[in-house]
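Data block below; observations after.
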Amino acid sequence: MKHRIVVLGAGYAGAFAAGNLARRLSPADAEITVVNAAPDFVERMRLHQLASGQDITSRKLADVFEGTGVRLRVARVTGVDPDRGTVAVTGEDGDGELAYDTLLYTLGSSVAHHGVPGAAEHAYDVTGASSALRLRERLAGLGEGGTVLVVGEGLTGIETVTELAESRPDLSVALAARGEPGAWLSPKARRHLRRAFDRLGVTVHAHTAVEAVEPTRAIAADGTSVPADVTVWSAGFAVHPLAAASGLEVAGTGQIVVDGTMRSVSHPDVYAAGDCAYAIGENGRPLPMSCASAGITNMQATAAIIARLTGGEVPTTALKYYGNHISLGRRDAIVQMVDGDVRPKSWYLGGRTAARFKSGVLKGAGWGIAHPTFGMPKRKRRLTTAPGPAGAPDRAGARAAA
């Protein structure tokens, strides 16, 4: 019986990881299954574009993994039992259970409303394809002079508000920020950001903490009312409580606590990558939820899985956060690098050059997803884990050997 590797989630981290595992491990020994709730790959970094009315190419996961040997199960994960080594799923084929020998958990994150009254009921978000399309439909129904308020001064908020302002100059678009938008940027980059807001006609409500959302307005902590035919909530992310409910050790955020190789500290057959992993970087701080962190953690997780299954030395990746690339519409952007303490470096890249850089990052990520086995070696690595009874892999033995 083959060693069963199950990857939960086919976002950037999960899809890249599954392709990497398929490239490196012999299909004679390993069976790779990807479980994803939707049949399509979602380019989460471009959902603000989708919401603004732009057309985004959709990739069917069945086409992505065709010919790779990776099995795709379109289903929603409803439970994980790390002691039994099983995953409960439900989908069009009904309820079921998948057994695994190695689990890679990459279910990502979703919008966090932080208990703000009315946010879940009245606000829109761009953390998933369905929610971005819902926002797109609502915006299409807004006439000239309609008001849109984006709540949140982080990367998602900035990219969303500038994209909407550029795509819909007929609307009145505003940003509500608890502090100063882009406060983590260098002084020159902050000035660039302010100029972009001015150029696009974005009204900035700085130091405005939204404490309630109503159908046509948002209410700030000081009682100020901000008009909004549409409120877009981008004030943070949260992971699904599934990991915590499964008995895996999690941080206060609900993220799975992992060691430097992305292995669960409580269940060694489980690895995590992307937003759902609580990984400590080289600076002693948790890696932020971001695409950059997803790339680093998924590479480390797959390298560790491959090494442990094939008897190799487990490599370690420098868990560093290098900076941000922030789109400001289609023709402007900011690239801000940071030092080891996540402080902005004095220089930044802005304007069309930065926009082309960001576009290149997006195209590269999309190409990598569409070609998961590019550069596949002619000879794949065989597994060295000891087989259990009747040829089945011995999960306990594999743990001990690792």
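So you can find residues: chains in the structure tokens are A, B, ... in the order shown, residues in each start at 1, and ligands are numbered from 1 in order.
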key: Non-local contacts of A:Ala301 (12 Å; only C-alpha atoms; under 2 positions in same chain excluded) as number ranges by chain   = A: 7, 13-14, 16-18, 20-21, 102-106, 258-264, 269-274, 277, 279, 293-299, 303-308, 314-317, 319
task = Please provide the set of residues having any atom within 9 Å of stretch 229-243 of chain A, restricted to only C-alpha atoms, with same-chain residues fewer than 6 positions apart removed, written as a PyMOL selection string.
result = chain A and resi 77-80+105+107-114+119-120+122-127+135+138-139+142+146-157+160-161+177+213-218+249-250+253-256+275-276+289
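Our summary of the geometry notes that atom CA of A:Arg71 is positioned 17.9 Å from atom CA of A:Lys380.
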task = May I ask which of the residues A:Val116, A:Ser246, A:Gly85, A:Gly128 is the closest one to A:Ala220, counting only C-alpha atoms?
result = A:Val116
ask   = Any idea what's packed within 12 Å of A:Lys188, counting only C-alpha atoms, ignoring anything in its chain fewer than 6 positions away? Could you give it as a ChimeraX atom specification?
value = /A:182,194-195,334-336,344-350
Contact residues around A:Gly351 with only C-alpha atoms at 9 Å, ignoring same-chain residues under 4 positions, as a short mmCIF file (atom, residue, chain, number, x, y, z; two decimals) with C-alpha atoms, in the first residue's frame:
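Output file around.cif is given in full below:
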```
data_model
loop_
_atom_site.label_atom_id
_atom_site.label_comp_id
_atom_site.auth_asym_id
_atom_site.auth_seq_id
_atom_site.Cartn_x
_atom_site.Cartn_y
_atom_site.Cartn_z
CA HIS A 192 3.68 58.15 -2.55
CA LEU A 328 -2.51 50.99 -6.34
CA ARG A 331 -0.72 51.60 -13.30
CA ASP A 332 0.80 52.30 -9.90
CA ALA A 333 2.21 50.29 -7.00
CA ILE A 334 4.64 50.35 -4.09
CA ALA A 355 3.24 48.04 -11.00
CA ARG A 356 5.08 45.97 -13.60
#
```
task = Using only C-alpha atoms, find the one residue out of A:Pro286, A:Ile158, A:Ala370, A:Thr203 that sits nearest to A:Ser327.
result =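 Using only C-alpha atoms, A:Ser327 sits closest to A:Ile158.
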Distance table requested - stretch 20-45 of chain A against stretch 66-69 of chain A, cut-off 12 Å, only C-alpha atoms: one row per qualifying residue with the closest atom pair and its distance in Å to one decimal, ordered by chain and rising residue number, as JSON lines.
```
{"residue": "A:Asn20", "atom": "CA", "partner": "A:Thr68", "partner_atom": "CA", "distance": 10.2}
{"residue": "A:Leu21", "atom": "CA", "partner": "A:Thr68", "partner_atom": "CA", "distance": 10.0}
{"residue": "A:Ala22", "atom": "CA", "partner": "A:Thr68", "partner_atom": "CA", "distance": 6.5}
{"residue": "A:Arg23", "atom": "CA", "partner": "A:Thr68", "partner_atom": "CA", "distance": 8.0}
{"residue": "A:Arg24", "atom": "CA", "partner": "A:Thr68", "partner_atom": "CA", "distance": 11.2}
{"residue": "A:Leu25", "atom": "CA", "partner": "A:Gly69", "partner_atom": "CA", "distance": 10.6}
{"residue": "A:Ser26", "atom": "CA", "partner": "A:Gly69", "partner_atom": "CA", "distance": 10.0}
{"residue": "A:Pro27", "atom": "CA", "partner": "A:Gly69", "partner_atom": "CA", "distance": 7.3}
{"residue": "A:Ala28", "atom": "CA", "partner": "A:Gly69", "partner_atom": "CA", "distance": 10.6}
{"residue": "A:Asp29", "atom": "CA", "partner": "A:Gly69", "partner_atom": "CA", "distance": 11.9}
{"residue": "A:Ala30", "atom": "CA", "partner": "A:Gly69", "partner_atom": "CA", "distance": 9.8}
{"residue": "A:Glu31", "atom": "CA", "partner": "A:Gly69", "partner_atom": "CA", "distance": 7.9}
{"residue": "A:Ile32", "atom": "CA", "partner": "A:Gly69", "partner_atom": "CA", "distance": 7.4}
{"residue": "A:Thr33", "atom": "CA", "partner": "A:Gly69", "partner_atom": "CA", "distance": 9.0}
{"residue": "A:Val34", "atom": "CA", "partner": "A:Gly69", "partner_atom": "CA", "distance": 10.9}
```
Same residues, N, CA and C atoms, output as a CSV table (one decimal), in the first residue's frame:
```
chain,number,residue,atom,x,y,z
A,20,ASN,N,4.8,20.2,-6.1
A,20,ASN,CA,6.2,20.0,-5.7
A,20,ASN,C,6.3,18.5,-5.2
A,21,LEU,N,5.4,18.0,-4.4
A,21,LEU,CA,5.4,16.6,-4.0
A,21,LEU,C,5.3,15.7,-5.2
A,22,ALA,N,4.4,16.0,-6.1
A,22,ALA,CA,4.3,15.1,-7.3
A,22,ALA,C,5.6,15.1,-8.1
A,23,ARG,N,6.3,16.3,-8.2
A,23,ARG,CA,7.5,16.3,-8.9
A,23,ARG,C,8.6,15.4,-8.3
A,24,ARG,N,8.6,15.4,-7.0
A,24,ARG,CA,9.8,14.8,-6.3
A,24,ARG,C,9.6,13.4,-5.8
A,25,LEU,N,8.4,12.9,-5.6
A,25,LEU,CA,8.2,11.6,-5.0
A,25,LEU,C,7.7,10.6,-6.0
A,26,SER,N,8.2,9.4,-5.9
A,26,SER,CA,7.9,8.3,-6.9
A,26,SER,C,6.4,7.9,-6.7
A,27,PRO,N,5.6,7.9,-7.8
A,27,PRO,CA,4.2,7.5,-7.7
A,27,PRO,C,4.1,6.0,-7.3
A,28,ALA,N,5.2,5.2,-7.4
A,28,ALA,CA,5.2,3.8,-7.0
A,28,ALA,C,5.0,3.7,-5.5
A,29,ASP,N,5.4,4.7,-4.7
A,29,ASP,CA,5.4,4.7,-3.3
A,29,ASP,C,4.4,5.7,-2.6
A,30,ALA,N,4.1,6.7,-3.3
A,30,ALA,CA,3.3,7.8,-2.7
A,30,ALA,C,2.1,8.1,-3.5
A,31,GLU,N,1.0,8.4,-2.8
A,31,GLU,CA,-0.3,8.7,-3.3
A,31,GLU,C,-0.7,10.1,-2.8
A,32,ILE,N,-0.9,11.1,-3.7
A,32,ILE,CA,-1.1,12.5,-3.2
A,32,ILE,C,-2.6,12.8,-3.6
A,33,THR,N,-3.3,13.3,-2.6
A,33,THR,CA,-4.7,13.7,-2.8
A,33,THR,C,-4.9,15.1,-2.3
A,34,VAL,N,-5.5,16.0,-3.1
A,34,VAL,CA,-5.8,17.3,-2.7
A,34,VAL,C,-7.3,17.5,-2.5
```
message = Just checking: using only C-alpha atoms, which residue out of A:Ile369, A:Leu8, A:Glu180, A:Leu185 ends up closest to A:Phe65?
response =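 Of the candidates, the smallest distance to A:Phe65 is held by A:Ile369.
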Those of stretch 303-355 of chain A in DSSP helix (DSSP H, G or I), formatted as JSON, numbers by chain = {"A": [303, 304, 305, 306, 307, 308, 309, 310, 351, 352, 353, 354, 355]}
message = Nearest residue to A:Ala354 out of A:His325, A:Arg382, A:Arg73, A:Arg44, using only C-alpha atoms?
response =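 With only C-alpha atoms as the atom set, the closest residue is A:His325.
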remark   = Computed gap from atom CA of A:Ala99 to atom CA of A:Val6 is 8.1 Å
